[in-house]
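Everything below belongs to entry26.txt, which stores compact mmCIF, C-alpha atoms and all ligand atoms.
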```
# COMPACT_ATOMS: atom_id res chain seq x y z
CA MET A 1 76.87 -228.79 -14.61
CA SER A 2 74.07 -230.89 -13.18
CA LYS A 3 72.21 -233.64 -14.97
CA GLN A 4 69.25 -232.58 -17.11
CA GLY A 5 66.16 -232.53 -14.89
CA ASP A 6 68.02 -232.55 -11.57
CA PHE A 7 65.80 -229.90 -9.99
CA GLU A 8 67.12 -230.79 -6.54
CA ALA A 9 70.53 -229.45 -7.52
CA VAL A 10 68.90 -226.25 -8.78
CA ARG A 11 66.88 -225.87 -5.59
CA LYS A 12 70.07 -226.06 -3.54
CA ASP A 13 71.76 -223.36 -5.58
CA ILE A 14 68.73 -221.07 -5.38
CA ALA A 15 68.62 -221.53 -1.60
CA ALA A 16 72.33 -220.72 -1.36
CA LEU A 17 71.76 -217.51 -3.32
CA LEU A 18 69.07 -216.08 -1.03
CA LYS A 19 71.43 -214.51 1.48
CA GLN A 20 72.55 -211.19 -0.03
CA PRO A 21 74.07 -209.02 2.71
CA GLY A 22 74.28 -205.89 0.57
CA TYR A 23 70.76 -206.10 -0.83
CA ASP A 24 67.54 -204.78 0.78
CA ASP A 25 66.91 -206.65 4.05
CA GLY A 26 69.79 -209.02 3.34
CA SER A 27 67.80 -211.44 1.20
CA ALA A 28 66.93 -211.91 -2.45
CA GLY A 29 63.97 -214.07 -1.34
CA PRO A 30 61.19 -211.47 -1.54
CA VAL A 31 62.18 -210.25 -4.99
CA PHE A 32 62.33 -213.88 -6.21
CA VAL A 33 58.75 -214.36 -5.00
CA ARG A 34 57.66 -211.24 -6.84
CA LEU A 35 59.45 -212.39 -10.01
CA ALA A 36 57.62 -215.72 -9.88
CA TRP A 37 54.27 -214.01 -9.33
CA HIS A 38 54.70 -211.41 -12.06
CA SER A 39 55.89 -214.04 -14.52
CA ALA A 40 52.62 -215.94 -13.99
CA GLY A 41 50.18 -213.14 -13.13
CA THR A 42 49.75 -211.93 -16.71
CA TYR A 43 47.51 -214.91 -17.44
CA ASP A 44 44.13 -214.35 -19.05
CA ALA A 45 41.90 -217.42 -18.88
CA GLU A 46 39.55 -216.29 -21.66
CA THR A 47 42.19 -215.84 -24.37
CA ASP A 48 44.66 -218.32 -22.83
CA THR A 49 47.49 -215.79 -23.08
CA GLY A 50 50.22 -214.78 -20.65
CA GLY A 51 51.38 -216.91 -17.72
CA SER A 52 54.78 -218.23 -16.68
CA ASN A 53 55.34 -220.43 -19.71
CA GLY A 54 57.69 -218.74 -22.21
CA ALA A 55 59.44 -216.44 -19.71
CA GLY A 56 58.33 -213.43 -21.73
CA MET A 57 59.91 -211.04 -19.23
CA ARG A 58 63.25 -211.61 -20.97
CA TYR A 59 61.97 -209.31 -23.70
CA GLU A 60 61.38 -205.58 -23.53
CA ALA A 61 57.64 -205.78 -24.20
CA GLU A 62 57.07 -207.52 -20.87
CA GLY A 63 60.37 -206.98 -19.01
CA GLY A 64 60.17 -203.22 -19.57
CA ASP A 65 56.61 -202.94 -18.26
CA PRO A 66 56.78 -200.38 -15.40
CA ALA A 67 54.87 -202.94 -13.28
CA ASN A 68 57.99 -205.14 -13.50
CA ALA A 69 60.46 -202.43 -12.41
CA GLY A 70 63.08 -203.90 -10.08
CA LEU A 71 62.61 -207.49 -11.17
CA GLN A 72 65.77 -207.23 -13.27
CA HIS A 73 67.62 -207.60 -9.93
CA ALA A 74 65.98 -210.98 -9.36
CA ARG A 75 66.71 -212.09 -12.90
CA ALA A 76 70.35 -210.97 -12.56
CA PHE A 77 70.81 -212.88 -9.27
CA LEU A 78 69.46 -216.02 -10.92
CA GLU A 79 71.83 -215.84 -13.91
CA SER A 80 74.52 -217.71 -11.93
CA VAL A 81 72.09 -220.59 -11.37
CA LYS A 82 71.20 -220.65 -15.07
CA GLU A 83 74.92 -220.74 -15.98
CA LYS A 84 75.49 -223.67 -13.67
CA HIS A 85 72.39 -225.57 -14.85
CA PRO A 86 72.00 -224.45 -18.48
CA TRP A 87 69.37 -227.13 -19.19
CA ILE A 88 66.75 -225.43 -16.99
CA THR A 89 64.41 -223.02 -18.77
CA TYR A 90 64.01 -219.49 -17.44
CA ALA A 91 60.28 -220.15 -17.05
CA ASP A 92 61.03 -223.06 -14.70
CA LEU A 93 63.91 -221.26 -12.95
CA TRP A 94 61.87 -218.16 -12.08
CA THR A 95 58.85 -220.07 -10.77
CA LEU A 96 61.05 -222.50 -8.82
CA ALA A 97 63.00 -219.58 -7.31
CA GLY A 98 59.74 -218.21 -5.85
CA VAL A 99 58.74 -221.57 -4.42
CA VAL A 100 62.20 -222.22 -2.91
CA ALA A 101 62.38 -218.69 -1.46
CA ILE A 102 58.99 -219.04 0.28
CA LYS A 103 60.04 -222.34 1.87
CA GLU A 104 63.48 -221.07 2.92
CA MET A 105 61.91 -217.98 4.52
CA GLY A 106 59.79 -220.20 6.77
CA GLY A 107 56.73 -220.53 4.53
CA PRO A 108 54.82 -223.60 3.38
CA THR A 109 56.03 -226.25 0.97
CA ILE A 110 54.51 -225.51 -2.42
CA PRO A 111 54.12 -228.30 -4.92
CA TRP A 112 56.07 -227.42 -8.03
CA LYS A 113 56.48 -229.19 -11.33
CA GLY A 114 58.92 -228.34 -14.11
CA GLY A 115 58.49 -228.59 -17.85
CA ARG A 116 57.81 -224.98 -18.87
CA THR A 117 59.62 -223.94 -22.02
CA ASP A 118 61.17 -220.66 -23.07
CA TYR A 119 59.25 -220.82 -26.31
CA VAL A 120 57.52 -217.53 -27.01
CA ASP A 121 54.53 -217.22 -29.27
CA ASP A 122 54.25 -213.57 -30.33
CA SER A 123 50.50 -213.85 -30.69
CA LYS A 124 50.27 -214.91 -27.05
CA LEU A 125 52.41 -212.16 -25.54
CA PRO A 126 50.40 -210.46 -22.81
CA PRO A 127 49.66 -206.77 -23.26
CA ARG A 128 50.82 -204.45 -20.47
CA GLY A 129 48.35 -203.53 -17.75
CA ARG A 130 47.46 -207.07 -16.67
CA LEU A 131 49.11 -206.80 -13.24
CA PRO A 132 47.30 -205.06 -10.38
CA ASP A 133 47.58 -201.31 -9.80
CA ALA A 134 48.27 -200.70 -6.10
CA ALA A 135 46.64 -197.26 -6.14
CA GLN A 136 43.21 -198.82 -6.74
CA GLY A 137 40.70 -200.74 -4.63
CA ALA A 138 38.65 -203.90 -4.20
CA ASP A 139 36.79 -203.79 -7.54
CA HIS A 140 40.05 -203.47 -9.43
CA ILE A 141 41.79 -206.41 -7.75
CA ARG A 142 38.69 -208.58 -8.06
CA TRP A 143 38.62 -207.80 -11.77
CA ILE A 144 42.36 -208.47 -12.25
CA PHE A 145 42.40 -211.75 -10.33
CA SER A 146 39.11 -213.12 -11.62
CA ARG A 147 40.64 -212.79 -15.09
CA MET A 148 43.21 -215.35 -13.90
CA GLY A 149 40.46 -217.51 -12.36
CA PHE A 150 40.83 -216.67 -8.66
CA ASN A 151 37.94 -216.14 -6.20
CA ASP A 152 37.82 -213.75 -3.22
CA GLN A 153 39.35 -216.18 -0.74
CA GLU A 154 42.18 -217.01 -3.12
CA ILE A 155 42.84 -213.30 -3.72
CA VAL A 156 43.19 -212.69 0.02
CA ALA A 157 45.42 -215.74 0.51
CA LEU A 158 47.69 -214.64 -2.34
CA SER A 159 47.89 -211.13 -0.93
CA GLY A 160 49.47 -212.61 2.19
CA ALA A 161 52.73 -212.66 0.20
CA HIS A 162 53.05 -209.05 1.35
CA ASN A 163 54.46 -210.53 4.56
CA LEU A 164 57.61 -210.47 2.48
CA GLY A 165 59.79 -207.71 1.15
CA ARG A 166 59.20 -204.05 0.67
CA CYS A 167 58.22 -201.27 -1.68
CA HIS A 168 60.93 -199.17 -3.29
CA SER A 169 60.37 -195.56 -4.33
CA ASP A 170 62.56 -196.06 -7.40
CA ARG A 171 60.54 -199.11 -8.53
CA SER A 172 56.84 -198.70 -7.80
CA GLY A 173 56.96 -195.26 -6.17
CA PHE A 174 55.63 -196.69 -2.89
CA GLU A 175 58.02 -196.92 0.06
CA GLY A 176 58.55 -199.26 3.01
CA ALA A 177 57.81 -202.75 4.34
CA TRP A 178 54.51 -204.24 5.46
CA VAL A 179 55.89 -206.08 8.50
CA ASN A 180 58.89 -205.86 10.81
CA SER A 181 60.48 -209.12 9.67
CA PRO A 182 60.10 -208.92 5.90
CA THR A 183 62.25 -211.98 5.20
CA ARG A 184 60.20 -214.30 7.42
CA PHE A 185 57.01 -215.75 5.94
CA SER A 186 54.07 -215.60 8.39
CA ASN A 187 50.50 -214.33 8.75
CA GLN A 188 51.70 -211.11 10.39
CA TYR A 189 50.48 -209.04 7.42
CA PHE A 190 46.87 -210.05 8.13
CA ARG A 191 47.24 -209.42 11.86
CA LEU A 192 48.67 -205.95 11.29
CA LEU A 193 46.02 -205.07 8.71
CA LEU A 194 43.41 -205.58 11.44
CA SER A 195 45.23 -204.46 14.58
CA LEU A 196 46.98 -201.22 13.62
CA GLN A 197 45.62 -197.80 12.80
CA TRP A 198 46.47 -197.11 9.18
CA ARG A 199 46.69 -193.45 8.22
CA LYS A 200 46.75 -192.10 4.72
CA LYS A 201 50.02 -190.44 3.83
CA ILE A 202 50.98 -188.55 0.69
CA LEU A 203 54.63 -189.20 -0.14
CA LYS A 204 56.94 -186.52 -1.56
CA ASN A 205 56.41 -188.00 -5.03
CA GLY A 206 52.65 -187.48 -4.67
CA ILE A 207 51.87 -191.17 -4.16
CA VAL A 208 49.27 -192.09 -1.55
CA GLN A 209 49.86 -195.03 0.80
CA PHE A 210 48.93 -195.96 4.37
CA MET A 211 51.36 -195.78 7.31
CA ASN A 212 51.62 -196.79 10.93
CA TYR A 213 54.35 -195.95 13.41
CA ASP A 214 55.28 -198.94 15.58
CA GLU A 215 56.42 -197.69 18.99
CA ASP A 216 58.02 -200.98 20.04
CA THR A 217 60.39 -201.19 17.11
CA GLU A 218 60.40 -197.48 16.23
CA THR A 219 59.73 -198.33 12.62
CA GLU A 220 57.13 -197.16 10.17
CA LEU A 221 55.16 -199.89 8.47
CA MET A 222 53.10 -199.44 5.34
CA MET A 223 50.09 -200.74 3.45
CA LEU A 224 49.13 -200.13 -0.16
CA PRO A 225 45.65 -198.81 -0.97
CA THR A 226 44.89 -202.28 -2.40
CA ASP A 227 46.00 -203.92 0.88
CA ILE A 228 43.65 -201.65 2.86
CA SER A 229 40.81 -202.52 0.49
CA LEU A 230 41.01 -206.11 1.80
CA THR A 231 39.67 -204.77 5.11
CA THR A 232 37.05 -202.38 3.75
CA ASP A 233 35.41 -204.91 1.42
CA PRO A 234 33.27 -207.26 3.59
CA SER A 235 33.80 -210.32 1.41
CA PHE A 236 37.59 -209.91 1.47
CA LYS A 237 37.61 -208.95 5.16
CA LYS A 238 36.22 -212.24 6.41
CA TYR A 239 39.22 -214.05 4.92
CA VAL A 240 41.65 -211.48 6.35
CA GLU A 241 40.11 -212.30 9.74
CA LEU A 242 40.38 -216.03 9.10
CA TYR A 243 44.05 -215.88 8.13
CA ALA A 244 44.94 -213.46 10.93
CA LYS A 245 43.57 -216.01 13.43
CA ASP A 246 44.69 -219.23 11.82
CA LYS A 247 48.26 -219.33 10.56
CA ASP A 248 48.13 -223.02 9.62
CA ARG A 249 45.05 -222.44 7.49
CA PHE A 250 46.81 -219.52 5.78
CA PHE A 251 49.88 -221.66 5.04
CA GLU A 252 47.72 -224.47 3.67
CA ASP A 253 45.64 -222.19 1.45
CA PHE A 254 48.62 -220.13 0.34
CA SER A 255 50.44 -223.26 -0.78
CA LYS A 256 47.49 -224.34 -2.95
CA VAL A 257 46.84 -220.95 -4.44
CA PHE A 258 50.48 -220.14 -5.19
CA ASP A 259 50.75 -223.50 -6.95
CA LYS A 260 47.63 -222.65 -8.96
CA LEU A 261 49.22 -219.30 -9.90
CA MET A 262 52.44 -220.97 -11.08
CA GLU A 263 50.43 -223.43 -13.20
CA LEU A 264 48.21 -220.89 -14.99
CA GLY A 265 48.11 -221.61 -18.70
CA ILE A 266 50.06 -224.85 -18.40
CA VAL A 267 48.48 -228.07 -19.58
CA ARG A 268 49.95 -231.36 -18.40
CA ASP A 269 49.31 -234.97 -19.29
CA ALA A 270 48.79 -237.71 -16.70
CA SER A 271 52.56 -238.05 -16.20
CA GLY A 272 52.87 -234.31 -15.44
CA ALA A 273 54.59 -233.48 -18.75
CA VAL A 274 53.64 -230.11 -20.25
CA THR A 275 51.73 -230.66 -23.46
CA ASN A 276 50.96 -227.16 -24.65
CA ALA A 277 54.33 -225.43 -24.55
CA ASP A 278 55.78 -226.20 -27.92
CA ASN A 279 52.90 -226.71 -30.24
CA VAL A 280 52.14 -223.21 -31.39
CA LYS A 281 53.19 -222.02 -34.82
CA GLY A 282 54.62 -218.57 -35.49
CA GLY A 283 56.73 -218.27 -32.34
CA TYR A 284 60.43 -218.57 -31.88
CA HIS A 285 62.82 -220.43 -29.65
CA SER A 286 65.35 -218.50 -27.63
FE1 LIG C 301 52.87 -207.42 -4.46
N1 LIG C 301 53.64 -205.55 -4.61
N2 LIG C 301 51.09 -206.75 -5.15
N3 LIG C 301 52.17 -209.31 -4.46
N4 LIG C 301 54.69 -208.06 -3.89
C1 LIG C 301 54.91 -205.14 -4.28
C2 LIG C 301 55.89 -205.93 -3.73
C3 LIG C 301 55.77 -207.29 -3.54
C4 LIG C 301 50.77 -205.46 -5.45
C5 LIG C 301 51.65 -204.40 -5.53
C6 LIG C 301 52.97 -204.44 -5.10
C7 LIG C 301 50.90 -209.70 -4.80
C8 LIG C 301 49.83 -208.84 -5.00
C9 LIG C 301 49.93 -207.48 -5.17
C10 LIG C 301 55.00 -209.37 -3.59
C11 LIG C 301 54.23 -210.49 -3.83
C12 LIG C 301 52.91 -210.45 -4.27
C13 LIG C 301 55.05 -203.75 -4.57
C14 LIG C 301 56.32 -202.93 -4.35
C15 LIG C 301 53.86 -203.31 -5.07
C16 LIG C 301 53.52 -201.89 -5.50
C17 LIG C 301 57.29 -203.10 -5.53
C18 LIG C 301 58.56 -202.32 -5.33
O1 LIG C 301 58.49 -201.10 -5.20
O2 LIG C 301 59.63 -202.96 -5.32
C19 LIG C 301 49.34 -205.35 -5.67
C20 LIG C 301 48.61 -204.08 -6.05
C21 LIG C 301 48.82 -206.59 -5.46
C22 LIG C 301 47.39 -206.98 -5.48
O3 LIG C 301 46.54 -206.16 -5.96
C23 LIG C 301 46.86 -207.99 -4.90
C24 LIG C 301 50.82 -211.13 -4.90
C25 LIG C 301 49.56 -211.89 -5.31
C26 LIG C 301 52.08 -211.62 -4.58
C27 LIG C 301 52.54 -213.03 -4.53
O4 LIG C 301 53.69 -213.29 -4.49
C28 LIG C 301 51.57 -214.14 -4.52
C29 LIG C 301 56.31 -209.42 -2.97
C30 LIG C 301 57.00 -210.67 -2.44
C31 LIG C 301 56.79 -208.11 -2.95
C32 LIG C 301 58.13 -207.61 -2.37
C33 LIG C 301 59.15 -207.47 -3.46
C34 LIG C 301 60.49 -206.97 -2.97
O5 LIG C 301 61.31 -206.63 -3.84
O6 LIG C 301 60.74 -206.91 -1.77
```
Starting from the file, lay out its structure as structure tokens.
Ligand code: DDH
Amino acid sequence: MSKQGDFEAVRKDIAALLKQPGYDDGSAGPVFVRLAWHSAGTYDAETDTGGSNGAGMRYEAEGGDPANAGLQHARAFLESVKEKHPWITYADLWTLAGVVAIKEMGGPTIPWKGGRTDYVDDSKLPPRGRLPDAAQGADHIRWIFSRMGFNDQEIVALSGAHNLGRCHSDRSGFEGAWVNSPTRFSNQYFRLLLSLQWRKKILKNGIVQFMNYDEDTETELMMLPTDISLTTDPSFKKYVELYAKDKDRFFEDFSKVFDKLMELGIVRDASGAVTNADNVKGGYHS
């Protein structure tokens, strides 16, 4: 067992866990990033509910949300880290796993601070339906992300996480990867959005997505309807163009915006300590 607060030791164990030869593309990295994002992406600025604090996904109300299908794999992988470092909260472990995975897969360093608690206030549990619906378009994602406090540029930067991982027909119903190296963080997603011809395809399960056949690698790549909307909406498109051209700028902006996502709903004092995690009546400790 490591010393309380030794996040370096936790980081090392998360990094060592990423390689998973029998799982997906051989890495748990992408699903860790999605776990971190979904744990935080329920935040609503107006009511100050949701967000990564509290690790609400441990409970059926949030964990069983169809939008979170598949994330139980990420949580199960991370159990061994929690057993080894029992002092870390799930809320910190899940957000840190995303940040470590991005770095290990070649992405930017993302500032990360601990201090989240696993304290759940029932009155602050997010209702389902706060995460984006991939079948929709630009208005929908703008509405979802502005609720969290993100502007158009930040939405596009965040969407660049689709450089990683894949869709699974038994999770979301969509199928396939966005890029050919889905365990390597880059700006390839933006380049492919602009350079390939994306054709609408109706899958056997009736779900509509966009596909392109890549002759060089003989693979089929995919885009979600929401991904395509980043190129049909002029305000989003200018940032897709920016990030397709300028990888360093994408890395820089992604780092800032992913940090902002991880911090949604968390109030810290000057020393960085979380001040709003434990002060709500009517909740319970796990
Ligand atoms: Fe995503 N995402 N995401 N996504 N996402 C899926 C997979 C992954 C949407 C829908 C889906 C972000 C934004 C959006 C990752 C990270 C991020 C899947 C497939 C769907 C569907 C799930 C499955 O079948 O397993 C939509 C819609 C949006 C949006 O509207 C903008 C953001 C902001 C992030 C982020 O991390 C910042 C990652 C990583 C994956 C791959 C997961 C895996 O298991 O592989």
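Among the candidate residues A:Tyr243, A:Trp143, A:Phe32, A:Trp198, the one lying nearest to Ala97 (chain A) is A:Phe32, with distances computed using all atoms listed in the file.
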Long-range neighbours of region 50-63 of chain A as a PyMOL selection string, 9 Å cut-off, all atoms listed in the file, 2 positions minimum in chain = chain A and resi 36-45+47-48+65-69+71-72+75+89-92+94-95+115-121+124-128+261-266+277
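Environment of ligand LIG 301 (chain C), defined as every protein or nucleic acid residue with an atom within 6 Å of it and counting all atoms listed in the file, comprises Pro30, Val31, Val33, Arg34, Trp37, Gly70, Pro132, Asp133, Ala134, Ile141, Leu158, Ser159, Ala161, His162, Leu164, Gly165, Arg166, Cys167, His168, Ser169, Arg171, Ser172, Phe174 and Thr226 of chain A.
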Which residues come within 12 Å of Glu83 (chain A), counting only C-alpha atoms, excluding same-chain residues fewer than 6 positions away, as a list of chain:residue names?
-> A:Met1, A:Ser2, A:Val10, A:Asp13, A:Ala76, A:Phe77, A:Thr89, A:Tyr90, A:Leu93
Pick out the closest residue to Lys200 (chain A) from this set: A:Glu79, A:Asp122, A:Leu224, A:Trp87. Count only C-alpha atoms.
-> A:Leu224
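Of the listed residues A:Gly137, A:Gly64, A:Pro182, A:Gly22, the one whose atoms come nearest to Asp233 (chain A) is A:Gly137, with distances taken using only C-alpha atoms.
Put simply, CA of Phe150 (chain A) is 19.0 Å away from CA of Phe190 (chain A).
For the choices A:Leu78, A:Leu194, A:Met222, A:Ile228, the atom-to-atom distance to Lys245 (chain A) is smallest for A:Leu194 when using all atoms listed in the file.
Proximity to Asp259 (chain A) was assessed for A:Ile14, A:Leu96, A:Ala74, A:Ala28 counting only C-alpha atoms; the smallest distance is recorded for A:Leu96.
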Point-to-point distance in Å for CA of Arg199 (chain A) and CA of Gln136 (chain A) | 16.3 Å
